[in-house]
Amino acid sequence: MNTLTRENRDSDRVQTEQFLAPPASVIEAGEGYTLEVEMPGVNKDGLDISVENNELTIIGRRSLPVVEGTLIHHESRPENFRRTFELDPSIDANKISANVEQGLVTLTLPKAEHVKPRKITVS
Amino acid sequence: MPLIRYQAPELAPWSAADRWSNLGDELNSFFELPFWSSFGRAGQLFTGWSPALDLYQSNDNVIAVVELPGMRKGDIEISLHDGTLTISGERRRESSSNGEKAERTERYIGRFRRSIALPTSVDATKVSATYRDGILTVTLPKAEEVKPKQIQVS
């Protein structure tokens, strides 16, 4: 039921602006996660990343190159990007950092101190 | 327990035609399966990478605009052969340290190749390219003989 409620709310938002959901990858390392999202045409100024109710939303608005001439072959899509992730409670939302390079958004999501793997020495 | 849970996107990446043909399936899966399972079926993600390419034509140039997010400049190759422009290259995984594991991979990693026939002949010696914000713009000046010419009536 939760799922449906969430999807419904999403489709309400879509009515006002269409977004593309870009491909993303998640890599786990001991200290946390790395999230990579492909947003060609998006630079620092067009990025809007927020966390609300444990939900991470990444919106990327494109600043596309202005090309002189007539479009004779078209494959790209004009929409901006949006992708939403539900964060695991182990992630420390206050310590999420982001970087964008050549249209690839990389987020670093560290785990909270209390869930990091820890070695306990027997004394 | 899932670590980072995905939400189903409202639009499949790039493939509009694919989206419609799968609509029925998508709807069914929405109700029958956990919501995240409907994601990641846009076939191209797992069968290779065909970057979106736009082609423009002006009086003097043919311009190709290609979406290549997350590449290094040095890993992009541009070649011209028999009136066909080919853009190829390799996308590498960024430095991987010990103990890393991929939770979920939608991004294509590896070699790709994209070709398109050009509408007119171009001057191969004057081709230039820029790569900015993950978008490659290749400018191919038209060969002199195919440029439109203004003829003065005397």
# chains A, B, ... in the order shown; residues from 1 in each chain; ligands from 1
$ residues_around --residues "region 144-149 of chain B" --least-positions-apart "6" --cutoff "8 Å" --atoms "only C-alpha atoms" --output "number ranges by chain"
B: 59-60, 120-121, 123
$ closest_atom_pairs --of "chain A" --to "chain B" --cutoff "8 Å" --atoms "only C-alpha atoms" --output "tab-separated table"
residue	atom	partner	partner_atom	distance
A:Thr3	CA	B:Phe35	CA	6.8
A:Asp10	CA	B:Glu10	CA	7.9
A:Ser11	CA	B:Glu10	CA	7.4
A:Val14	CA	B:Glu10	CA	7.9
A:Phe19	CA	B:Leu11	CA	7.1
A:Leu20	CA	B:Leu11	CA	5.5
A:Ala21	CA	B:Pro9	CA	5.3
A:Pro22	CA	B:Pro13	CA	5.9
A:Pro23	CA	B:Glu106	CA	5.4
A:Ala24	CA	B:Glu106	CA	5.4
A:Ser25	CA	B:Thr105	CA	4.4
A:Val26	CA	B:Arg104	CA	5.2
A:Ile27	CA	B:Ala102	CA	4.2
A:Glu28	CA	B:Lys101	CA	5.2
A:Ala29	CA	B:Glu100	CA	4.5
A:Gly30	CA	B:Gly99	CA	6.6
A:Glu38	CA	B:Pro69	CA	5.9
A:Met39	CA	B:Pro69	CA	6.5
A:Pro40	CA	B:Gly134	CA	4.8
A:Gly41	CA	B:Asp133	CA	5.0
A:Val42	CA	B:Asp133	CA	6.0
A:Asn43	CA	B:Asp133	CA	5.9
A:Val67	CA	B:Tyr56	CA	7.5
A:Glu68	CA	B:Ser58	CA	6.5
A:Gly69	CA	B:Ser58	CA	4.0
A:Thr70	CA	B:Gln57	CA	5.1
A:Leu71	CA	B:Tyr56	CA	4.3
A:Ile72	CA	B:Tyr56	CA	5.4
A:His73	CA	B:Leu55	CA	4.8
A:His74	CA	B:Asp54	CA	4.6
A:Glu75	CA	B:Ala52	CA	5.3
A:Ser76	CA	B:Ala52	CA	5.3
A:Arg77	CA	B:Trp14	CA	6.8
A:Arg83	CA	B:Pro9	CA	7.0
A:Thr84	CA	B:Gln7	CA	6.2
A:Phe85	CA	B:Tyr6	CA	5.1
A:Glu86	CA	B:Arg5	CA	5.2
A:Leu87	CA	B:Ile4	CA	5.3
A:Asp88	CA	B:Leu3	CA	5.1
A:Glu101	CA	B:Gly70	CA	6.7
A:Gln102	CA	B:Gly134	CA	3.9
A:Gly103	CA	B:Gly134	CA	4.3
A:Leu104	CA	B:Gly70	CA	4.8
$ select_by_dssp --residues "region 4-92 of chain A" --states "strand (DSSP E)" --output "ChimeraX atom specification"
/A:19-20,24-29,32-38,47-52,55-60,70-73,80-86
$ atom_distance --atom1 "CA of Val115 (chain A)" --atom2 "CA of Ile49 (chain A)"
24.2 Å
$ atom_distance --atom1 "CA of Arg91 (chain B)" --atom2 "CA of Ile78 (chain B)"
14.6 Å
